[in-house]
file target37.tsv (TSV, C-alpha atoms and all ligand atoms)
chain	number	residue	atom	x	y	z
V	2	MET	CA	-6.64	-69.68	-212.87
V	3	LEU	CA	-3.34	-70.51	-214.47
V	4	THR	CA	-3.39	-72.92	-217.37
V	5	LYS	CA	-0.69	-74.50	-219.49
V	6	GLU	CA	-1.78	-72.27	-222.39
V	7	ILE	CA	-1.31	-69.10	-220.35
V	8	ILE	CA	2.15	-70.19	-219.27
V	9	LEU	CA	3.09	-71.12	-222.85
V	10	ASN	CA	1.90	-67.71	-223.92
V	11	TYR	CA	4.11	-66.02	-221.28
V	12	LEU	CA	7.06	-68.15	-222.34
V	13	GLU	CA	6.81	-66.81	-225.91
V	14	ALA	CA	8.77	-63.84	-224.54
V	15	VAL	CA	11.74	-65.96	-223.48
V	16	THR	CA	14.47	-66.22	-226.10
V	17	ASP	CA	17.65	-68.20	-226.45
V	18	PRO	CA	20.53	-66.15	-224.95
V	19	GLU	CA	22.87	-67.18	-227.76
V	20	ILE	CA	20.43	-66.79	-230.63
V	21	PRO	CA	18.05	-63.99	-229.56
V	22	VAL	CA	15.78	-64.43	-232.59
V	23	LEU	CA	14.74	-67.87	-231.35
V	24	THR	CA	12.26	-68.33	-228.54
V	25	ILE	CA	12.78	-71.30	-226.26
V	26	GLN	CA	9.67	-72.75	-227.88
V	27	ASP	CA	11.26	-72.43	-231.33
V	28	MET	CA	14.15	-74.39	-229.82
V	29	GLY	CA	11.77	-77.10	-228.65
V	30	ILE	CA	13.23	-77.30	-225.16
V	31	ILE	CA	9.98	-77.06	-223.18
V	32	ARG	CA	8.83	-80.60	-222.54
V	33	ASP	CA	6.00	-80.14	-220.08
V	34	ILE	CA	4.30	-77.68	-217.79
V	35	LYS	CA	2.57	-78.57	-214.54
V	36	ILE	CA	0.31	-76.16	-212.73
V	37	LEU	CA	1.03	-76.62	-209.03
V	38	GLY	CA	-1.10	-73.85	-207.57
V	39	GLU	CA	-2.44	-70.34	-208.06
V	40	ASP	CA	1.02	-68.85	-208.55
V	41	ALA	CA	3.11	-72.00	-208.82
V	42	VAL	CA	4.26	-73.99	-211.82
V	43	GLU	CA	6.81	-76.59	-212.68
V	44	ILE	CA	8.46	-76.30	-216.08
V	45	PHE	CA	10.25	-79.29	-217.54
V	46	ILE	CA	13.00	-78.39	-219.96
V	47	THR	CA	15.42	-80.52	-221.92
V	48	PRO	CA	18.91	-79.06	-222.33
V	49	THR	CA	20.06	-78.73	-225.91
V	50	TYR	CA	23.75	-79.35	-226.32
V	51	SER	CA	25.33	-80.50	-223.07
V	52	GLY	CA	28.30	-78.24	-223.86
V	53	CYS	CA	26.07	-75.20	-224.13
V	54	PRO	CA	26.35	-72.90	-221.12
V	55	ALA	CA	23.10	-71.23	-222.15
V	56	MET	CA	20.83	-73.53	-220.15
V	57	SER	CA	21.26	-71.87	-216.76
V	58	ALA	CA	20.66	-68.49	-218.42
V	59	ILE	CA	17.50	-69.91	-220.01
V	60	ALA	CA	16.25	-71.21	-216.65
V	61	THR	CA	16.87	-67.78	-215.10
V	62	ASN	CA	15.07	-66.05	-217.97
V	63	ILE	CA	12.06	-68.37	-217.62
V	64	ARG	CA	11.92	-67.62	-213.91
V	65	LEU	CA	12.22	-63.84	-214.35
V	66	GLU	CA	9.58	-63.73	-217.07
V	67	LEU	CA	7.06	-65.74	-215.06
V	68	ILE	CA	7.72	-63.78	-211.85
V	69	SER	CA	7.13	-60.54	-213.78
V	70	ARG	CA	3.72	-62.01	-214.73
V	71	GLY	CA	2.86	-62.78	-211.12
V	72	VAL	CA	3.80	-66.45	-211.15
V	73	SER	CA	6.13	-66.26	-208.19
V	74	ASN	CA	6.84	-69.93	-207.56
V	75	VAL	CA	8.61	-71.40	-210.55
V	76	LYS	CA	10.25	-74.78	-210.32
V	77	ILE	CA	12.40	-75.76	-213.27
V	78	SER	CA	13.25	-79.40	-213.75
V	79	GLU	CA	15.60	-80.75	-216.36
V	80	GLN	CA	14.38	-83.73	-218.26
V	81	LEU	CA	17.40	-85.47	-219.71
V	82	SER	CA	15.72	-88.39	-221.40
V	83	PRO	CA	14.90	-88.54	-224.24
V	84	ALA	CA	17.78	-86.30	-225.24
V	85	TRP	CA	17.06	-83.12	-227.14
V	86	THR	CA	17.39	-83.34	-230.89
V	87	THR	CA	17.44	-80.67	-233.56
V	88	ASP	CA	14.26	-82.35	-234.88
V	89	TRP	CA	12.43	-80.60	-232.04
V	90	MET	CA	13.34	-77.21	-233.41
V	91	SER	CA	10.23	-75.74	-235.04
V	92	GLU	CA	10.08	-74.99	-238.76
V	93	ALA	CA	9.46	-71.34	-237.86
V	94	GLY	CA	12.58	-71.50	-235.70
V	95	LYS	CA	14.66	-72.92	-238.57
V	96	THR	CA	13.44	-70.15	-240.86
V	97	LYS	CA	14.32	-67.48	-238.27
V	98	LEU	CA	17.73	-69.05	-237.73
V	99	ASN	CA	18.47	-68.90	-241.45
V	100	ALA	CA	17.34	-65.27	-241.64
V	101	TYR	CA	19.68	-64.54	-238.71
V	102	GLY	CA	22.59	-65.85	-240.81
V	103	ILE	CA	23.00	-69.26	-239.21
V	104	ALA	CA	22.28	-72.28	-241.40
V	105	PRO	CA	19.65	-74.44	-239.64
V	106	PRO	CA	20.27	-78.14	-238.99
V	107	GLN	CA	19.96	-80.31	-242.09
V	108	TYR	CA	19.05	-83.91	-242.25
V	109	ARG	CA	21.98	-86.16	-242.91
V	110	THR	CA	22.09	-88.17	-246.08
V	111	LYS	CA	20.63	-91.64	-245.67
V	112	GLN	CA	23.62	-93.37	-247.26
V	113	ASN	CA	26.00	-92.14	-244.63
V	114	PRO	CA	24.03	-91.01	-241.60
V	115	GLU	CA	27.08	-90.71	-239.35
V	116	ASN	CA	29.09	-88.55	-241.66
V	117	GLU	CA	28.69	-84.86	-240.86
V	118	GLN	CA	30.80	-84.00	-243.92
V	119	ASP	CA	28.14	-85.54	-246.12
V	120	VAL	CA	25.56	-82.93	-245.22
V	121	VAL	CA	24.80	-80.28	-247.78
V	122	VAL	CA	24.45	-76.99	-245.92
V	123	PRO	CA	22.97	-74.18	-248.01
V	124	CYS	CA	24.47	-70.72	-247.49
V	125	PRO	CA	22.05	-68.62	-245.38
V	126	LEU	CA	23.10	-65.49	-247.28
V	127	CYS	CA	22.76	-66.51	-250.92
V	128	ASN	CA	21.21	-70.01	-250.70
V	129	SER	CA	24.03	-71.57	-252.66
V	130	THR	CA	24.72	-75.24	-251.86
V	131	ASN	CA	28.30	-74.76	-253.01
V	132	THR	CA	29.61	-74.57	-249.45
V	133	THR	CA	32.48	-76.14	-247.59
V	134	LEU	CA	33.18	-77.06	-243.97
V	135	LEU	CA	36.00	-74.97	-242.49
V	136	SER	CA	35.84	-76.19	-238.91
V	137	GLN	CA	33.70	-78.57	-236.85
V	138	PHE	CA	33.50	-75.81	-234.26
V	139	GLY	CA	32.10	-72.38	-234.99
V	140	SER	CA	31.44	-69.58	-232.52
V	141	THR	CA	30.19	-72.18	-230.01
V	142	ALA	CA	30.48	-75.96	-229.77
V	143	CYS	CA	26.93	-76.39	-231.12
V	144	LYS	CA	27.87	-74.82	-234.39
V	145	ALA	CA	30.27	-75.61	-237.22
V	146	LEU	CA	31.96	-73.01	-239.37
V	147	TYR	CA	31.25	-73.12	-243.09
V	148	LYS	CA	32.25	-70.98	-246.01
V	149	CYS	CA	30.21	-70.27	-249.10
V	150	LYS	CA	32.22	-70.73	-252.31
V	151	ASP	CA	29.88	-68.44	-254.22
V	152	CYS	CA	29.48	-65.33	-252.05
V	153	LEU	CA	32.70	-66.22	-250.15
V	154	GLU	CA	31.12	-65.44	-246.78
V	155	PRO	CA	31.84	-67.63	-243.77
V	156	PHE	CA	28.78	-68.66	-241.76
V	157	ASP	CA	27.77	-70.73	-238.74
V	158	TYR	CA	25.85	-73.94	-239.16
V	159	PHE	CA	23.72	-75.20	-236.27
V	160	LYS	CA	24.81	-78.83	-236.17
V	161	CYS	CA	22.45	-81.75	-236.26
V	162	HIS	CA	22.14	-83.54	-232.97
V	201	ZN	ZN	26.64	-67.57	-250.10
call {"tool": "encode", "arguments": {"input": "target37.tsv", "output": "structure tokens"}}
result
Amino acid sequence: MLTKEIILNYLEAVTDPEIPVLTIQDMGIIRDIKILGEDAVEIFITPTYSGCPAMSAIATNIRLELISRGVSNVKISEQLSPAWTTDWMSEAGKTKLNAYGIAPPQYRTKQNPENEQDVVVPCPLCNSTNTTLLSQFGSTACKALYKCKDCLEPFDYFKCH
């Protein structure tokens, strides 16, 4: 008998194509799982950034992983509301992201919640908060490019969303 727990366990093996250290569960994109039959499930996922081309790759990876486990009928449905937010990223995921060299999303300051420039982003390499925004867009649209003024290394910051 398939259960949600078994499926969740299988899905631990599915990682984000852009950030291979993060599982899709670290990303918080799995919203729900419905068992439809002995070898059939429906997985509800919420896309992260709409500009991210990774979602179709993620859906394919989910399908391949489950098929390899004998779950041959996998329906993947996108749940667009409520929209994904970086708050859904797990703490373990944020820690892994930082260790990978990408600064995890930070909460914006309360005084100026709309101002991305107001966010203090610690350097993932040396932990210094003496960092500066170089570009709103890093290696992908979901990330901004920062530079550390202490160790002088540029790094990606996974933007709040
Ligand atoms: Zn640094």
call {"tool": "residues_around", "arguments": {"input": "target37.tsv", "residues": "Asn128 in chain V", "least_positions_apart": "3", "cutoff": "10 Å", "atoms": "all atoms listed in the file", "output": "PyMOL selection string"}}
result
chain V and resi 99+104+122-125+131-132+149+151-152
call {"tool": "closest_residue", "arguments": {"input": "target37.tsv", "among": "V:Leu153, V:Ala41, V:Ile20, V:Leu126", "to": "Arg70 in chain V", "atoms": "only C-alpha atoms"}}
result
V:Ala41
call {"tool": "atom_distance", "arguments": {"input": "target37.tsv", "atom1": "CA of Lys95 in chain V", "atom2": "CA of Val75 in chain V"}}
result
28.7 Å
call {"tool": "residues_around", "arguments": {"input": "target37.tsv", "residues": "Gln26 in chain V", "least_positions_apart": "6", "cutoff": "12 Å", "atoms": "all atoms listed in the file", "output": "list in words"}}
result
Ile8, Leu9, Asn10, Tyr11, Leu12, Glu13, Ala14, Val15, Thr16, Asp17, Arg32, Asp33, Ile46, Thr47, Ile59, Ile63, Trp89, Met90, Ser91, Glu92, Ala93, Gly94 and Lys95 of chain V
call {"tool": "closest_residue", "arguments": {"input": "target37.tsv", "among": "V:Ile68, V:Leu134, V:Ala60, V:Cys127", "to": "Ile25 in chain V", "atoms": "all atoms listed in the file"}}
result
V:Ala60
call {"tool": "atom_distance", "arguments": {"input": "target37.tsv", "atom1": "CA of Leu67 in chain V", "atom2": "CA of Pro105 in chain V"}}
result
29.0 Å
call {"tool": "residues_around", "arguments": {"input": "target37.tsv", "residues": "range 136-140 of chain V", "least_positions_apart": "4", "cutoff": "8 Å", "atoms": "only C-alpha atoms", "output": "VMD selection string"}}
result
chain V and resid 144 to 147 157 to 158
call {"tool": "atom_distance", "arguments": {"input": "target37.tsv", "atom1": "CA of Ile31 in chain V", "atom2": "CA of Gly102 in chain V"}}
result
24.4 Å
call {"tool": "axis_aligned_box", "arguments": {"input": "target37.tsv", "around": "range 119-123 of chain V", "padding_each_side": "8 Å", "output": "lines of an AutoDock Vina configuration file"}}
result
center_x = 25.6
center_y = -79.9
center_z = -246.6
size_x = 21.2
size_y = 27.4
size_z = 18.8
call {"tool": "residues_around", "arguments": {"input": "target37.tsv", "residues": "Ala58 in chain V", "least_positions_apart": "4", "cutoff": "10 Å", "atoms": "only C-alpha atoms", "output": "ChimeraX atom specification"}}
result
/V:17-19,54,62-64
call {"tool": "closest_residue", "arguments": {"input": "target37.tsv", "among": "V:Tyr101, V:Lys160, V:Lys35, V:Leu81", "to": "Thr141 in chain V", "atoms": "only C-alpha atoms"}}
result
V:Lys160
call {"tool": "closest_residue", "arguments": {"input": "target37.tsv", "among": "V:Gln107, V:Thr4, V:Thr61, V:Thr130", "to": "Thr86 in chain V", "atoms": "only C-alpha atoms"}}
result
V:Gln107
call {"tool": "closest_residue", "arguments": {"input": "target37.tsv", "among": "V:Pro106, V:Ile7, V:Glu154, V:Thr133", "to": "Thr87 in chain V", "atoms": "all atoms listed in the file"}}
result
V:Pro106
call {"tool": "residues_around", "arguments": {"input": "target37.tsv", "residues": "Val42 in chain V", "least_positions_apart": "5", "cutoff": "9 Å", "atoms": "all atoms listed in the file", "output": "ChimeraX atom specification"}}
result
/V:3,8,34-37,72-77
